[in-house]
$ cat my_file.tsv   # TSV, C-alpha atoms
chain	number	residue	atom	x	y	z
A	1079	MET	CA	-16.61	-2.48	12.43
A	1080	ALA	CA	-12.89	-3.06	12.53
A	1081	GLN	CA	-10.48	-2.41	9.68
A	1082	VAL	CA	-9.17	-5.67	8.24
A	1083	GLU	CA	-5.85	-5.74	6.41
A	1084	ALA	CA	-4.03	-8.37	4.37
A	1085	THR	CA	-0.51	-7.77	3.04
A	1086	THR	CA	1.85	-9.94	1.04
A	1087	GLU	CA	5.03	-9.22	-0.89
A	1088	ARG	CA	7.56	-10.73	-3.24
A	1089	VAL	CA	10.87	-9.77	-4.79
A	1090	VAL	CA	10.73	-10.26	-8.55
A	1091	ALA	CA	13.75	-10.60	-10.85
A	1092	ALA	CA	12.66	-7.84	-13.26
A	1093	ASP	CA	12.93	-4.06	-13.38
A	1094	ALA	CA	10.29	-2.17	-11.41
A	1095	GLU	CA	9.00	-0.42	-14.54
A	1096	LYS	CA	8.42	-3.74	-16.34
A	1097	VAL	CA	6.66	-5.19	-13.28
A	1098	PHE	CA	4.47	-2.11	-12.81
A	1099	ASP	CA	3.53	-2.08	-16.50
A	1100	ALA	CA	2.45	-5.74	-16.28
A	1101	LEU	CA	0.26	-5.05	-13.23
A	1102	ALA	CA	-1.27	-1.96	-14.86
A	1103	ASP	CA	-2.10	-3.86	-18.07
A	1104	TYR	CA	-5.68	-4.80	-17.24
A	1105	ARG	CA	-6.53	-5.58	-20.89
A	1106	GLY	CA	-3.69	-8.09	-21.29
A	1107	THR	CA	-1.34	-9.28	-18.58
A	1108	ARG	CA	-3.44	-8.78	-15.44
A	1109	GLN	CA	-6.09	-11.35	-16.34
A	1110	LYS	CA	-3.36	-13.97	-16.92
A	1111	LEU	CA	-2.10	-13.44	-13.36
A	1112	LEU	CA	-5.38	-14.28	-11.63
A	1113	PRO	CA	-5.80	-17.73	-10.04
A	1114	GLU	CA	-9.05	-19.70	-9.95
A	1115	HIS	CA	-10.42	-17.52	-7.13
A	1116	PHE	CA	-11.25	-14.84	-9.72
A	1117	SER	CA	-14.06	-15.13	-12.27
A	1118	GLU	CA	-16.18	-12.98	-14.59
A	1119	TYR	CA	-13.20	-10.72	-15.37
A	1120	GLU	CA	-14.15	-7.76	-17.55
A	1121	VAL	CA	-12.49	-4.43	-18.33
A	1122	ARG	CA	-15.32	-1.89	-18.58
A	1123	GLU	CA	-13.31	1.31	-19.13
A	1124	GLY	CA	-9.70	2.09	-19.93
A	1125	GLY	CA	-7.43	-0.87	-19.46
A	1126	ASP	CA	-4.03	0.63	-18.72
A	1127	GLY	CA	-3.64	1.83	-15.13
A	1128	GLU	CA	-5.20	5.16	-14.13
A	1129	GLY	CA	-8.82	5.47	-15.20
A	1130	THR	CA	-9.44	1.75	-15.63
A	1131	LEU	CA	-12.72	0.29	-14.41
A	1132	VAL	CA	-12.51	-3.48	-14.06
A	1133	HIS	CA	-14.98	-6.08	-12.77
A	1134	TRP	CA	-14.41	-9.52	-11.30
A	1135	LYS	CA	-15.79	-11.87	-8.73
A	1136	LEU	CA	-13.43	-12.94	-5.98
A	1137	GLN	CA	-14.21	-16.22	-4.26
A	1138	ALA	CA	-12.25	-15.98	-1.05
A	1139	THR	CA	-13.78	-19.14	0.46
A	1140	SER	CA	-16.27	-21.75	-0.68
A	1141	LYS	CA	-19.09	-19.62	0.77
A	1142	ARG	CA	-17.73	-16.07	0.38
A	1143	VAL	CA	-17.85	-14.39	-3.06
A	1144	ARG	CA	-17.30	-10.65	-3.53
A	1145	ASP	CA	-18.64	-8.93	-6.64
A	1146	CYS	CA	-15.95	-6.30	-7.26
A	1147	LEU	CA	-16.14	-3.24	-9.50
A	1148	LEU	CA	-12.77	-1.56	-9.17
A	1149	GLU	CA	-11.72	1.97	-10.07
A	1150	VAL	CA	-7.97	2.16	-10.67
A	1151	SER	CA	-5.82	5.17	-9.81
A	1152	GLU	CA	-2.09	5.85	-9.74
A	1153	PRO	CA	-1.59	8.30	-6.87
A	1154	THR	CA	2.23	8.06	-6.94
A	1155	ASP	CA	4.91	6.52	-9.16
A	1156	GLY	CA	4.94	2.76	-8.82
A	1157	GLU	CA	1.57	2.59	-7.08
A	1158	LEU	CA	-1.78	1.25	-8.31
A	1159	VAL	CA	-4.85	1.64	-6.12
A	1160	GLU	CA	-8.00	-0.39	-6.82
A	1161	LYS	CA	-11.09	0.95	-5.00
A	1162	ASP	CA	-14.16	-1.27	-5.04
A	1163	ARG	CA	-17.37	0.62	-5.84
A	1164	ASN	CA	-19.38	-2.22	-4.25
A	1165	SER	CA	-17.70	-2.26	-0.83
A	1166	SER	CA	-15.08	-0.62	1.38
A	1167	MET	CA	-12.32	-2.81	-0.09
A	1168	VAL	CA	-9.18	-1.05	-1.34
A	1169	THR	CA	-6.18	-2.90	-2.79
A	1170	THR	CA	-2.88	-1.08	-3.18
A	1171	TRP	CA	-0.02	-2.42	-5.30
A	1172	ARG	CA	3.42	-0.86	-4.69
A	1173	VAL	CA	6.36	-1.67	-6.94
A	1174	THR	CA	9.79	-0.40	-5.92
A	1175	PRO	CA	13.34	-1.19	-7.08
A	1176	ALA	CA	15.08	-3.89	-5.03
A	1177	GLY	CA	18.58	-3.96	-6.39
A	1178	GLU	CA	19.81	-4.22	-9.94
A	1179	GLY	CA	17.24	-5.86	-12.19
A	1180	SER	CA	14.88	-6.67	-9.31
A	1181	SER	CA	11.82	-5.13	-7.73
A	1182	ARG	CA	9.73	-5.56	-4.62
A	1183	VAL	CA	5.98	-5.87	-5.04
A	1184	VAL	CA	3.81	-5.27	-1.98
A	1185	VAL	CA	0.05	-5.76	-2.21
A	1186	THR	CA	-2.16	-4.60	0.66
A	1187	THR	CA	-5.93	-4.98	0.83
A	1188	THR	CA	-8.04	-3.27	3.49
A	1189	TRP	CA	-11.77	-3.25	4.17
A	1190	ASN	CA	-14.22	-2.57	6.96
A	1191	GLY	CA	-14.89	-5.90	8.62
A	1192	ALA	CA	-18.00	-7.15	10.32
A	1193	GLY	CA	-18.71	-6.52	13.98
A	1194	GLY	CA	-19.15	-9.04	16.78
A	1195	ILE	CA	-17.99	-12.63	16.71
A	1196	GLY	CA	-18.18	-12.75	12.90
A	1197	GLY	CA	-15.84	-9.77	12.77
A	1198	PHE	CA	-13.41	-11.51	15.11
A	1199	PHE	CA	-13.21	-14.53	12.82
A	1200	GLU	CA	-13.00	-12.33	9.72
A	1201	LYS	CA	-10.11	-10.30	11.17
A	1202	THR	CA	-8.38	-13.52	12.28
A	1203	PHE	CA	-8.73	-15.69	9.17
A	1204	ALA	CA	-9.53	-13.51	6.15
A	1205	PRO	CA	-6.07	-11.89	5.91
A	1206	LYS	CA	-4.41	-15.33	5.75
A	1207	GLY	CA	-6.77	-16.52	3.02
A	1208	LEU	CA	-6.43	-13.36	0.99
A	1209	GLY	CA	-2.66	-13.49	1.50
A	1210	ARG	CA	-2.59	-16.96	-0.08
A	1211	ILE	CA	-4.63	-15.71	-3.04
A	1212	TYR	CA	-2.31	-12.76	-3.63
A	1213	ASP	CA	0.75	-14.98	-3.14
A	1214	ALA	CA	-0.55	-16.97	-6.13
A	1215	VAL	CA	-0.96	-13.75	-8.14
A	1216	LEU	CA	2.61	-12.71	-7.30
A	1217	VAL	CA	3.98	-16.13	-8.31
A	1218	ARG	CA	2.25	-15.76	-11.68
A	1219	LEU	CA	3.48	-12.19	-11.99
A	1220	ALA	CA	7.06	-13.30	-11.40
A	1221	ALA	CA	6.72	-16.06	-14.01
A	1222	GLU	CA	5.34	-13.55	-16.50
A	1223	VAL	CA	7.94	-10.78	-16.11
A	1224	GLU	CA	11.01	-12.96	-15.48
A	1225	LYS	CA	10.69	-14.58	-18.93
$ encode --input "my_file.tsv" --output "structure tokens"
Amino acid sequence: MAQVEATTERVVAADAEKVFDALADYRGTRQKLLPEHFSEYEVREGGDGEGTLVHWKLQATSKRVRDCLLEVSEPTDGELVEKDRNSSMVTTWRVTPAGEGSSRVVVTTTWNGAGGIGGFFEKTFAPKGLGRIYDAVLVRLAAEVEK
């Protein structure tokens, strides 16, 4: 099994604290940021950053749906880590200042990919697809916090 990684980023015209707070708000803002690839969204515990347990289904392709149950931690300032209890998938959100009134948001998802030829295709195409999904999330995030 090879490690698969997808990373995307965006500079947002809002302070890092405001952006981080929006991402960490699983009871309110976060659900509004999710495109049609996400369904069955449900906060099961917490709802504000560290200690949150959130569920959703992620439809990466027409045939590939992941049932995700994510534990949220905040290991460092400006960082949210979502670890899936149902798989090896880990998504890390990093929000850092990027000049006055702006911030950089970097989202990286890693997981243990399949082996063999299936793993080759997964490692080749999955990061691009997931990157497009998270690009859509970041566009919605920018629209939300730049109001």
$ closest_atom_pairs --input "my_file.tsv" --of "region 1113-1200 of chain A" --to "region 1082-1089 of chain A" --cutoff "12 Å" --atoms "only C-alpha atoms" --output "Markdown table"
| residue | atom | partner | partner_atom | distance |
| --- | --- | --- | --- | --- |
| A:Ser1166 | CA | A:Val1082 | CA | 10.4 |
| A:Met1167 | CA | A:Val1082 | CA | 9.4 |
| A:Val1168 | CA | A:Glu1083 | CA | 9.7 |
| A:Thr1169 | CA | A:Ala1084 | CA | 9.3 |
| A:Thr1170 | CA | A:Thr1085 | CA | 9.4 |
| A:Trp1171 | CA | A:Glu1087 | CA | 9.5 |
| A:Arg1172 | CA | A:Glu1087 | CA | 9.3 |
| A:Val1173 | CA | A:Val1089 | CA | 9.5 |
| A:Thr1174 | CA | A:Val1089 | CA | 9.5 |
| A:Pro1175 | CA | A:Val1089 | CA | 9.2 |
| A:Ala1176 | CA | A:Val1089 | CA | 7.2 |
| A:Gly1177 | CA | A:Val1089 | CA | 9.8 |
| A:Glu1178 | CA | A:Val1089 | CA | 11.7 |
| A:Gly1179 | CA | A:Val1089 | CA | 10.5 |
| A:Ser1180 | CA | A:Val1089 | CA | 6.8 |
| A:Ser1181 | CA | A:Val1089 | CA | 5.6 |
| A:Arg1182 | CA | A:Val1089 | CA | 4.4 |
| A:Val1183 | CA | A:Glu1087 | CA | 5.4 |
| A:Val1184 | CA | A:Glu1087 | CA | 4.3 |
| A:Val1185 | CA | A:Thr1086 | CA | 5.6 |
| A:Thr1186 | CA | A:Thr1085 | CA | 4.3 |
| A:Thr1187 | CA | A:Ala1084 | CA | 5.3 |
| A:Thr1188 | CA | A:Glu1083 | CA | 4.4 |
| A:Trp1189 | CA | A:Val1082 | CA | 5.4 |
| A:Asn1190 | CA | A:Val1082 | CA | 6.1 |
| A:Gly1191 | CA | A:Val1082 | CA | 5.7 |
| A:Ala1192 | CA | A:Val1082 | CA | 9.2 |
| A:Gly1193 | CA | A:Val1082 | CA | 11.2 |
| A:Gly1197 | CA | A:Val1082 | CA | 9.0 |
| A:Phe1198 | CA | A:Val1082 | CA | 10.0 |
| A:Phe1199 | CA | A:Val1082 | CA | 10.8 |
| A:Glu1200 | CA | A:Val1082 | CA | 7.8 |
$ closest_residue --input "my_file.tsv" --among "A:Asp1126, A:Glu1120, A:Glu1114, A:Glu1152" --to "Ala1138 (chain A)" --atoms "all atoms listed in the file"
A:Glu1114
$ closest_residue --input "my_file.tsv" --among "A:Tyr1212, A:Phe1098, A:Trp1134, A:Tyr1119" --to "Cys1146 (chain A)" --atoms "only C-alpha atoms"
A:Trp1134
$ atom_distance --input "my_file.tsv" --atom1 "CA of Gln1137 (chain A)" --atom2 "CA of Arg1210 (chain A)"
12.4 Å
$ residues_near_point --input "my_file.tsv" --point "(-9.2, 1.8, -17.4)" --cutoff "9 Å" --atoms "all atoms listed in the file" --output "PDB file with C-alpha atoms, in the coordinates of the input"
ATOM      1  CA  TYR A1104      -5.680  -4.800 -17.240  1.00  0.00           C
ATOM      2  CA  ARG A1105      -6.530  -5.580 -20.890  1.00  0.00           C
ATOM      3  CA  VAL A1121     -12.490  -4.430 -18.330  1.00  0.00           C
ATOM      4  CA  ARG A1122     -15.320  -1.890 -18.580  1.00  0.00           C
ATOM      5  CA  GLU A1123     -13.310   1.310 -19.130  1.00  0.00           C
ATOM      6  CA  GLY A1124      -9.700   2.090 -19.930  1.00  0.00           C
ATOM      7  CA  GLY A1125      -7.430  -0.870 -19.460  1.00  0.00           C
ATOM      8  CA  ASP A1126      -4.030   0.630 -18.720  1.00  0.00           C
ATOM      9  CA  GLY A1127      -3.640   1.830 -15.130  1.00  0.00           C
ATOM     10  CA  GLU A1128      -5.200   5.160 -14.130  1.00  0.00           C
ATOM     11  CA  GLY A1129      -8.820   5.470 -15.200  1.00  0.00           C
ATOM     12  CA  THR A1130      -9.440   1.750 -15.630  1.00  0.00           C
ATOM     13  CA  LEU A1131     -12.720   0.290 -14.410  1.00  0.00           C
ATOM     14  CA  VAL A1132     -12.510  -3.480 -14.060  1.00  0.00           C
ATOM     15  CA  GLU A1149     -11.720   1.970 -10.070  1.00  0.00           C
ATOM     16  CA  VAL A1150      -7.970   2.160 -10.670  1.00  0.00           C
ATOM     17  CA  SER A1151      -5.820   5.170  -9.810  1.00  0.00           C
TER      18      SER A1151
END
$ atom_distance --input "my_file.tsv" --atom1 "CA of Asn1164 (chain A)" --atom2 "CA of Leu1101 (chain A)"
21.8 Å
$ atom_distance --input "my_file.tsv" --atom1 "CA of Ala1214 (chain A)" --atom2 "CA of His1115 (chain A)"
9.9 Å
$ axis_aligned_box --input "my_file.tsv" --around "region 1163-1178 of chain A" --padding-each-side "6 Å" --output "AutoDock Vina command-line options"
--center_x 0.2 --center_y -1.8 --center_z -4.3 --size_x 51.2 --size_y 16.8 --size_z 23.3
$ closest_residue --input "my_file.tsv" --among "A:Ala1220, A:Gln1081, A:Pro1153, A:Arg1108" --to "Ala1094 (chain A)" --atoms "only C-alpha atoms"
A:Ala1220
$ closest_residue --input "my_file.tsv" --among "A:Gly1209, A:Val1090, A:Arg1142, A:Leu1147" --to "Glu1222 (chain A)" --atoms "only C-alpha atoms"
A:Val1090
$ closest_residue --input "my_file.tsv" --among "A:Glu1118, A:Ala1092, A:Val1223, A:Ala1102" --to "Asp1155 (chain A)" --atoms "only C-alpha atoms"
A:Ala1102
$ closest_residue --input "my_file.tsv" --among "A:Thr1154, A:Asp1162, A:Thr1139, A:Glu1224" --to "Lys1206 (chain A)" --atoms "only C-alpha atoms"
A:Thr1139
